[in-house]
>>> print(open('data.cif').read())   # mmCIF, C-alpha atoms and all ligand atoms
data_target
loop_
_atom_site.label_atom_id
_atom_site.label_comp_id
_atom_site.auth_asym_id
_atom_site.auth_seq_id
_atom_site.Cartn_x
_atom_site.Cartn_y
_atom_site.Cartn_z
CA MET A 1 21.55 87.95 5.04
CA SER A 2 18.77 87.14 7.48
CA PHE A 3 19.30 86.06 11.09
CA TYR A 4 17.79 82.71 10.12
CA ARG A 5 20.26 82.10 7.28
CA ALA A 6 23.27 83.54 9.09
CA PHE A 7 22.73 81.96 12.47
CA VAL A 8 19.75 79.66 13.02
CA ARG A 9 20.15 77.33 10.02
CA PRO A 10 23.94 76.90 10.42
CA THR A 11 23.49 76.17 14.14
CA ILE A 12 20.89 73.49 13.44
CA ASP A 13 23.16 72.05 10.71
CA LEU A 14 26.07 71.91 13.12
CA PHE A 15 24.00 70.21 15.83
CA SER A 16 22.73 67.64 13.34
CA GLY A 17 26.23 66.81 12.09
CA PHE A 18 24.96 67.96 8.65
CA ASP A 19 22.49 65.08 8.57
CA ARG A 20 19.58 66.80 6.75
CA GLU A 21 16.90 64.55 8.18
CA ARG A 22 18.15 64.94 11.74
CA ALA A 23 18.28 68.72 11.19
CA HIS A 24 14.63 68.63 10.16
CA TYR A 25 13.61 66.85 13.37
CA ILE A 26 15.69 69.21 15.52
CA ALA A 27 13.81 72.11 13.90
CA LEU A 28 10.43 70.41 14.38
CA TYR A 29 11.04 69.62 18.04
CA ALA A 30 12.34 73.16 18.61
CA LEU A 31 9.14 74.44 17.03
CA ARG A 32 7.10 72.11 19.20
CA SER A 33 8.83 73.32 22.37
CA TYR A 34 9.36 77.00 21.63
CA GLY A 35 7.23 77.76 18.57
CA THR A 36 4.37 79.08 20.61
CA LEU A 37 6.63 81.85 21.95
CA PHE A 38 6.08 83.38 18.50
CA ARG A 39 2.80 85.07 17.80
CA PHE A 40 2.48 85.71 14.12
CA GLY A 41 -1.14 84.72 13.81
CA GLY A 42 -2.13 88.39 13.74
CA VAL A 43 -2.49 88.90 9.99
CA ARG A 44 -5.94 87.69 8.97
CA ASN A 45 -6.56 86.97 5.32
CA GLU A 46 -9.59 84.75 5.68
CA VAL A 47 -10.41 82.41 2.79
CA ARG A 48 -13.18 79.88 2.30
CA ALA A 49 -12.45 76.94 0.03
CA PHE A 50 -14.10 73.53 -0.41
CA GLY A 51 -16.39 74.31 2.51
CA VAL A 52 -13.59 75.01 5.00
CA THR A 53 -12.74 78.43 6.47
CA PHE A 54 -9.01 79.22 6.66
CA PRO A 55 -7.72 82.16 8.78
CA ASN A 56 -5.24 82.75 5.95
CA PRO A 57 -4.34 80.88 2.75
CA VAL A 58 -0.72 79.98 3.56
CA GLY A 59 -0.28 76.35 4.62
CA VAL A 60 2.39 73.80 5.43
CA ALA A 61 2.85 71.23 2.63
CA ALA A 62 2.59 67.49 3.22
CA GLY A 63 5.79 65.83 4.40
CA PHE A 64 6.99 68.75 6.53
CA ASP A 65 5.18 67.68 9.70
CA LYS A 66 4.25 64.15 8.62
CA HIS A 67 3.59 62.92 12.15
CA ALA A 68 1.87 66.06 13.54
CA ILE A 69 4.66 66.87 15.98
CA ALA A 70 4.70 70.66 15.82
CA LEU A 71 1.17 71.80 14.98
CA ALA A 72 0.89 74.43 17.71
CA GLY A 73 4.29 75.90 16.78
CA LEU A 74 3.40 76.03 13.08
CA GLU A 75 0.13 77.75 13.92
CA ALA A 76 2.02 80.29 16.06
CA LEU A 77 4.28 81.09 13.08
CA GLY A 78 1.17 82.31 11.28
CA PHE A 79 0.28 79.39 9.06
CA GLY A 80 -3.39 79.21 8.09
CA PHE A 81 -3.44 75.40 7.86
CA VAL A 82 -1.21 72.33 8.01
CA GLU A 83 -1.38 69.23 5.82
CA VAL A 84 0.00 66.32 7.85
CA GLY A 85 1.12 62.98 6.35
CA THR A 86 1.51 61.32 4.01
CA VAL A 87 0.23 58.70 6.42
CA VAL A 88 -0.19 55.03 5.51
CA PRO A 89 -2.28 52.45 7.41
CA LEU A 90 0.57 50.53 9.08
CA PRO A 91 3.86 51.89 10.46
CA GLN A 92 6.73 51.66 7.96
CA GLU A 93 10.34 52.83 7.89
CA GLY A 94 10.54 54.29 4.41
CA ASN A 95 13.67 54.09 2.27
CA PRO A 96 17.20 53.66 3.69
CA ARG A 97 19.07 56.83 4.70
CA PRO A 98 20.40 59.15 3.45
CA ARG A 99 17.20 60.00 1.63
CA LEU A 100 17.04 63.79 1.93
CA PHE A 101 19.48 66.08 0.10
CA ARG A 102 19.77 69.86 0.21
CA LEU A 103 20.80 71.42 -3.12
CA THR A 104 21.86 74.74 -1.66
CA GLU A 105 23.12 76.40 -4.87
CA ASP A 106 19.84 75.53 -6.57
CA ARG A 107 17.57 76.40 -3.62
CA ALA A 108 16.12 72.92 -3.97
CA ILE A 109 15.73 69.60 -2.18
CA ILE A 110 15.76 66.05 -3.49
CA ASN A 111 14.01 63.51 -1.28
CA ARG A 112 13.26 59.81 -1.53
CA MET A 113 11.75 59.33 1.91
CA GLY A 114 9.31 56.64 0.69
CA PHE A 115 6.42 57.36 3.08
CA ASN A 116 8.16 56.86 6.41
CA SER A 117 5.13 56.81 8.68
CA GLU A 118 4.14 55.90 12.21
CA GLY A 119 0.87 54.61 10.79
CA ALA A 120 -2.72 55.79 10.89
CA ALA A 121 -3.47 54.82 14.50
CA ALA A 122 -0.45 56.75 15.87
CA LEU A 123 -1.36 59.83 13.83
CA ALA A 124 -4.96 59.67 15.05
CA LYS A 125 -3.68 59.61 18.63
CA ARG A 126 -1.42 62.63 18.03
CA LEU A 127 -4.18 64.60 16.36
CA SER A 128 -6.71 63.88 19.08
CA ALA A 129 -4.23 65.03 21.73
CA HIS A 130 -3.79 68.25 19.76
CA ARG A 131 -7.42 69.16 19.44
CA VAL A 132 -6.74 72.66 20.75
CA HIS A 133 -5.58 73.99 17.38
CA ARG A 134 -7.81 76.42 15.62
CA ILE A 135 -6.39 76.14 12.12
CA PRO A 136 -7.70 73.52 9.69
CA ILE A 137 -5.74 70.27 9.43
CA GLY A 138 -5.55 68.33 6.18
CA VAL A 139 -4.58 64.67 6.26
CA ASN A 140 -2.63 63.41 3.25
CA ILE A 141 -3.12 59.65 2.72
CA GLY A 142 -1.23 56.95 0.85
CA LYS A 143 -0.64 53.21 0.69
CA ASN A 144 1.87 50.96 2.44
CA LYS A 145 4.85 49.90 0.35
CA ASP A 146 3.93 46.20 0.58
CA THR A 147 0.31 46.64 -0.45
CA PRO A 148 -0.08 45.56 -4.08
CA LEU A 149 -1.41 48.21 -6.40
CA ALA A 150 -4.58 46.18 -6.99
CA GLN A 151 -5.40 46.52 -3.27
CA ALA A 152 -4.31 50.14 -2.91
CA ALA A 153 -7.88 51.40 -2.42
CA ASP A 154 -8.15 49.30 0.77
CA ASP A 155 -5.25 51.27 2.26
CA TYR A 156 -6.74 54.66 1.41
CA GLU A 157 -10.05 53.51 2.92
CA LYS A 158 -8.31 52.37 6.11
CA CYS A 159 -6.69 55.79 6.50
CA ILE A 160 -10.05 57.53 6.07
CA GLU A 161 -11.72 55.20 8.55
CA ARG A 162 -9.04 55.70 11.21
CA LEU A 163 -8.56 59.44 10.76
CA TYR A 164 -12.00 60.73 9.78
CA PRO A 165 -12.79 62.60 13.02
CA HIS A 166 -9.39 64.33 13.04
CA ALA A 167 -9.24 65.92 9.58
CA ASP A 168 -10.80 69.01 8.09
CA TYR A 169 -9.99 67.70 4.62
CA PHE A 170 -8.25 64.70 3.06
CA THR A 171 -5.71 64.66 0.24
CA VAL A 172 -5.38 61.50 -1.83
CA ASN A 173 -1.71 61.18 -2.72
CA VAL A 174 -1.12 59.22 -5.91
CA SER A 175 1.76 61.38 -7.05
CA SER A 176 4.76 60.64 -4.84
CA PRO A 177 7.67 59.40 -6.96
CA ASN A 178 9.15 57.43 -4.06
CA THR A 179 6.71 54.52 -3.71
CA LYS A 180 7.09 52.05 -6.55
CA ASP A 181 4.27 52.23 -9.13
CA LEU A 182 2.17 54.59 -6.96
CA ARG A 183 1.84 57.10 -9.79
CA GLN A 184 0.16 54.43 -11.95
CA LEU A 185 -2.91 55.18 -9.82
CA GLN A 186 -3.16 58.46 -11.75
CA GLU A 187 -4.21 56.44 -14.82
CA LYS A 188 -7.82 57.30 -15.74
CA GLN A 189 -9.65 54.05 -14.95
CA GLN A 190 -7.62 53.27 -11.82
CA LEU A 191 -8.11 56.80 -10.55
CA GLU A 192 -11.85 56.72 -11.15
CA THR A 193 -12.16 53.45 -9.18
CA LEU A 194 -9.92 54.65 -6.36
CA LEU A 195 -11.63 58.02 -5.92
CA ALA A 196 -15.09 56.44 -6.07
CA ARG A 197 -14.15 54.09 -3.23
CA VAL A 198 -12.57 56.79 -1.09
CA GLN A 199 -15.58 59.01 -1.65
CA ARG A 200 -17.93 56.20 -0.59
CA LYS A 201 -15.88 55.65 2.55
CA ILE A 202 -16.01 59.35 3.40
CA HIS A 203 -19.80 59.33 3.03
CA GLU A 204 -19.99 56.25 5.25
CA CYS A 205 -17.82 57.84 7.94
CA ALA A 206 -19.78 61.11 7.86
CA GLN A 207 -22.85 59.22 9.16
CA GLY A 208 -25.22 61.82 7.83
CA ALA A 209 -23.20 64.79 9.12
CA LYS A 210 -21.38 67.25 6.84
CA ILE A 211 -19.19 65.46 4.27
CA LYS A 212 -15.48 66.27 4.60
CA PRO A 213 -13.79 67.38 1.39
CA MET A 214 -11.46 65.11 -0.61
CA LEU A 215 -8.61 66.63 -2.59
CA LEU A 216 -6.28 65.00 -5.09
CA LYS A 217 -2.56 65.77 -5.25
CA ILE A 218 -1.06 65.45 -8.71
CA ALA A 219 2.42 65.07 -10.15
CA PRO A 220 4.13 67.66 -12.34
CA ASP A 221 5.51 65.00 -14.68
CA LEU A 222 2.39 64.26 -16.70
CA SER A 223 1.84 64.42 -20.43
CA GLN A 224 -0.93 66.66 -21.75
CA SER A 225 -3.29 63.70 -22.32
CA GLU A 226 -2.58 62.23 -18.85
CA GLN A 227 -3.31 65.63 -17.35
CA ASP A 228 -6.58 65.92 -19.24
CA ASP A 229 -7.64 62.41 -18.20
CA ILE A 230 -7.03 63.26 -14.55
CA LEU A 231 -9.00 66.48 -14.83
CA SER A 232 -11.94 64.71 -16.44
CA VAL A 233 -12.09 62.28 -13.49
CA ALA A 234 -11.34 64.93 -10.84
CA ALA A 235 -14.04 67.31 -12.08
CA SER A 236 -16.83 65.12 -10.72
CA ARG A 237 -15.02 63.30 -7.93
CA VAL A 238 -12.98 65.74 -5.84
CA GLN A 239 -13.57 69.07 -4.14
CA GLY A 240 -10.09 70.44 -4.84
CA LEU A 241 -6.65 69.77 -6.30
CA VAL A 242 -3.20 70.09 -4.77
CA ILE A 243 -0.79 71.10 -7.53
CA CYS A 244 1.85 69.75 -7.41
CA ASN A 245 4.09 67.05 -5.91
CA THR A 246 7.87 66.84 -6.41
CA THR A 247 9.28 66.19 -9.90
CA VAL A 248 11.46 63.38 -11.22
CA ALA A 249 12.69 65.74 -13.95
CA ARG A 250 16.18 67.26 -13.57
CA PRO A 251 16.48 70.65 -15.24
CA PRO A 252 19.91 71.02 -16.88
CA SER A 253 20.44 74.22 -14.88
CA LEU A 254 20.99 72.28 -11.60
CA ARG A 255 24.49 72.84 -10.22
CA SER A 256 24.59 71.10 -6.84
CA ARG A 257 26.66 67.95 -6.40
CA HIS A 258 23.50 66.15 -5.27
CA ARG A 259 21.64 66.79 -8.52
CA ALA A 260 21.85 63.17 -9.73
CA GLU A 261 20.33 61.67 -6.55
CA THR A 262 17.19 59.59 -7.14
CA GLY A 263 13.96 61.04 -5.79
CA GLY A 264 11.62 64.00 -6.08
CA LEU A 265 12.96 67.49 -6.67
CA SER A 266 11.30 70.48 -4.98
CA GLY A 267 12.00 74.17 -4.56
CA LYS A 268 12.99 76.87 -7.02
CA PRO A 269 13.56 74.58 -10.05
CA LEU A 270 9.97 73.30 -9.69
CA GLN A 271 8.39 76.74 -9.60
CA ALA A 272 7.84 77.39 -13.31
CA ARG A 273 6.26 73.97 -13.88
CA ALA A 274 4.00 74.26 -10.82
CA LEU A 275 2.78 77.70 -11.92
CA GLU A 276 2.17 76.49 -15.47
CA LEU A 277 0.15 73.51 -14.24
CA VAL A 278 -1.94 75.64 -11.85
CA ARG A 279 -2.64 78.12 -14.64
CA TYR A 280 -3.68 75.34 -17.03
CA VAL A 281 -5.95 73.57 -14.54
CA HIS A 282 -7.55 76.87 -13.49
CA THR A 283 -8.36 77.63 -17.13
CA ARG A 284 -9.82 74.15 -17.70
CA LEU A 285 -11.74 73.94 -14.39
CA PRO A 286 -12.25 77.54 -13.27
CA THR A 287 -14.44 76.70 -10.26
CA MET A 288 -12.18 73.93 -8.89
CA PRO A 289 -10.31 75.15 -5.77
CA ILE A 290 -6.55 74.72 -6.13
CA ILE A 291 -3.82 74.55 -3.48
CA GLY A 292 -0.72 75.80 -5.30
CA VAL A 293 2.56 74.29 -4.09
CA GLY A 294 6.00 74.15 -5.64
CA GLY A 295 8.92 76.54 -5.44
CA ILE A 296 7.35 79.32 -3.36
CA LEU A 297 10.38 80.97 -1.74
CA SER A 298 9.22 84.58 -1.40
CA PRO A 299 6.05 86.67 -1.01
CA ASP A 300 6.22 87.53 -4.73
CA ASP A 301 6.34 83.82 -5.63
CA ALA A 302 3.19 83.29 -3.57
CA LEU A 303 1.40 86.24 -5.20
CA ARG A 304 2.22 84.77 -8.62
CA MET A 305 0.71 81.45 -7.52
CA PHE A 306 -2.53 83.19 -6.44
CA ASP A 307 -2.58 85.11 -9.73
CA ALA A 308 -2.25 81.80 -11.61
CA GLY A 309 -5.49 80.64 -9.97
CA ALA A 310 -4.62 79.09 -6.61
CA SER A 311 -7.02 79.73 -3.72
CA LEU A 312 -4.47 78.57 -1.14
CA VAL A 313 -0.72 77.92 -1.18
CA GLN A 314 1.61 75.58 0.69
CA LEU A 315 5.31 75.77 1.54
CA TYR A 316 8.00 73.20 2.16
CA THR A 317 11.39 73.93 0.57
CA GLY A 318 10.91 77.69 1.00
CA LEU A 319 10.73 77.21 4.76
CA ILE A 320 14.09 75.42 4.77
CA PHE A 321 15.85 78.12 2.74
CA GLU A 322 14.04 81.26 3.86
CA GLY A 323 13.17 80.41 7.45
CA PRO A 324 10.12 80.43 9.68
CA PHE A 325 8.98 83.99 8.98
CA LEU A 326 8.07 83.26 5.36
CA PRO A 327 4.35 82.60 6.07
CA TYR A 328 4.11 85.87 8.01
CA ARG A 329 5.85 87.78 5.19
CA ILE A 330 3.52 86.28 2.57
CA ASN A 331 0.46 87.15 4.62
CA ARG A 332 1.67 90.71 5.10
CA ALA A 333 2.21 91.06 1.33
CA LEU A 334 -1.28 89.67 0.67
CA ALA A 335 -2.87 92.05 3.17
CA ALA A 336 -0.97 95.00 1.70
CA ARG A 337 -2.13 94.12 -1.79
CA ALA A 338 -5.72 93.72 -0.62
CA SER A 339 -5.68 97.12 1.08
CA ARG A 340 -4.19 98.77 -2.03
CA SER A 341 -6.95 97.38 -4.22
CA ASN A 342 -9.72 98.52 -1.81
C1 LIG A 401 11.49 66.01 2.33
C2 LIG A 401 10.15 66.10 1.65
C3 LIG A 401 9.15 65.19 1.99
C4 LIG A 401 7.92 65.25 1.36
N1 LIG A 401 6.95 64.35 1.72
C5 LIG A 401 5.74 64.41 1.12
C6 LIG A 401 4.71 63.51 1.49
O1 LIG A 401 4.87 62.68 2.39
N2 LIG A 401 3.52 63.59 0.83
C7 LIG A 401 3.29 64.51 -0.16
O2 LIG A 401 2.19 64.55 -0.71
N3 LIG A 401 4.25 65.41 -0.52
C8 LIG A 401 5.45 65.37 0.10
N4 LIG A 401 6.42 66.27 -0.26
C9 LIG A 401 6.14 67.23 -1.35
C10 LIG A 401 5.68 68.58 -0.83
O3 LIG A 401 4.49 68.49 -0.11
C11 LIG A 401 5.52 69.58 -2.00
O4 LIG A 401 4.49 69.10 -2.85
C12 LIG A 401 6.78 69.75 -2.82
O5 LIG A 401 7.93 69.73 -1.99
C13 LIG A 401 6.79 71.04 -3.63
O6 LIG A 401 6.76 72.17 -2.78
P1 LIG A 401 8.08 73.03 -2.39
O7 LIG A 401 8.78 73.36 -3.67
O8 LIG A 401 7.54 74.24 -1.66
O9 LIG A 401 8.87 72.17 -1.51
C14 LIG A 401 7.67 66.24 0.36
C15 LIG A 401 8.67 67.15 0.05
C16 LIG A 401 9.90 67.10 0.68
C17 LIG A 401 10.95 68.11 0.30
#
>>> encode(input="data.cif", output="structure tokens")
Amino acid sequence: MSFYRAFVRPTIDLFSGFDRERAHYIALYALRSYGTLFRFGGVRNEVRAFGVTFPNPVGVAAGFDKHAIALAGLEALGFGFVEVGTVVPLPQEGNPRPRLFRLTEDRAIINRMGFNSEGAAALAKRLSAHRVHRIPIGVNIGKNKDTPLAQAADDYEKCIERLYPHADYFTVNVSSPNTKDLRQLQEKQQLETLLARVQRKIHECAQGAKIKPMLLKIAPDLSQSEQDDILSVAASRVQGLVICNTTVARPPSLRSRHRAETGGLSGKPLQARALELVRYVHTRLPTMPIIGVGGILSPDDALRMFDAGASLVQLYTGLIFEGPFLPYRINRALAARASRSN
């Protein structure tokens, strides 16, 4: 039993009155205030992907630090990059609470946050105040709940316009299960139109300077033909893929009392599907950089994700269950493997 699981997590739970969302913010603000007392940035496993250099390939997944509150603390824990967001153009509350459930027995989370966001302008302000960080920052973008699907591209463009100077890469999120009809944007023709417009906006914002990369985050709940359609569009439109978002599937093995909650499931029960999808995409598009995310709860899980074809990985649920030293442990395992094979 680690110190984190025996002491830190229960203390945070107690302080939050077992409100999972409040617990998350207590942890983030603690990281913001005290995170830099840690210094785990020492393990260097440099990687270059989609034109960006990462000090190491272990990142924070979107949704964990949506509003860019704790970037310096996350960097001090040894993360090689952070994906902030999902951000939407205008501030919005998201779904009513409770909307975040911990499935402890299953080492999983179900969330239906629904893009709670302070909006693009507030995030831009936060990121510009933070410009001291050295690790790359990805900005994950979405649409406001009230924006009709037919106008969704306007929202993605607004996010790019507002946040362009502050991002090292952008991730187009069309795969969250918690915004009504959002995932319809993964349909071939809609996706082609959306990505073409976002790409044009990125070129416009670059004003002749280096073009920032655009990634696409996909859902795990796609049929084979939907998957293939997405890949045929992505191949010529994006510089990388983030695989994958949370799942609406509910494996029969789930035991927790929260298993029937509506929302996206993450953590251990997502791992096999995420690995399978990464492996498939890597076989189909071998030169496409992949950020592998879904159910990484140990260094071995991360190594399996790299072996499946991921260039980088991200963590969310693993951080909640295994604690803040997980990125450091993964980087140490990666460095040890690299030195063995040299
Ligand atoms: C509470 C919560 C909020 C999330 N919010 C977002 C989000 O805003 N945008 C997004 O693209 N993914 C979001 N995700 C999905 C994660 O980025 C990740 O794709 C997913 O959780 C699988 O990784 P994991 O098994 O390591 O958690 C969220 C996940 C959780 C648990």
>>> axis_aligned_box(input="data.cif", around="ligand LIG 401 (chain A)", padding_each_side="4 Å", output="AutoDock Vina command-line options")
--center_x 6.8 --center_y 68.5 --center_z -0.6 --size_x 17.3 --size_y 19.6 --size_z 14.1
>>> residues_around(input="data.cif", residues="A:Glu93", least_positions_apart="3", cutoff="12 Å", atoms="only C-alpha atoms", output="NGL selection string")
:A and (87-88 or 90 or 96-97 or 99 or 113-119 or 144-146)
>>> residues_near_ligand(input="data.cif", ligand="ligand LIG 401 (chain A)", cutoff="7 Å", atoms="all atoms listed in the file", output="ChimeraX atom specification")
/A:61-64,66,85-86,100,109-111,113,115,140,173,176,217,244-246,266-268,270-271,293-296,314-318
>>> atom_distance(input="data.cif", atom1="atom CA of A:Leu74", atom2="atom CA of A:Met214")
23.0 Å
>>> closest_residue(input="data.cif", among="A:Ala68, A:Ile202, A:Val58, A:Val84", to="A:Arg126", atoms="only C-alpha atoms")
A:Ala68
>>> atom_distance(input="data.cif", atom1="atom CA of A:Val60", atom2="atom CA of A:Ala122")
20.2 Å
>>> closest_residue(input="data.cif", among="A:Gly142, A:Val242, A:Pro165, A:Arg107", to="A:Ala124", atoms="all atoms listed in the file")
A:Pro165
>>> closest_residue(input="data.cif", among="A:Pro91, A:Leu303, A:Pro136, A:Gln190", to="A:Ala338", atoms="only C-alpha atoms")
A:Leu303
>>> atom_distance(input="data.cif", atom1="atom CA of A:Val233", atom2="atom CA of A:Asp181")
19.7 Å
>>> closest_residue(input="data.cif", among="A:Arg237, A:Lys212, A:Arg337, A:His24", to="A:Val52", atoms="only C-alpha atoms")
A:Lys212
>>> closest_residue(input="data.cif", among="A:Leu265, A:Val238, A:Ala333, A:Ile218", to="A:Arg250", atoms="only C-alpha atoms")
A:Leu265
>>> closest_residue(input="data.cif", among="A:Arg183, A:Arg22, A:Arg112, A:Arg48", to="A:Pro220", atoms="only C-alpha atoms")
A:Arg183
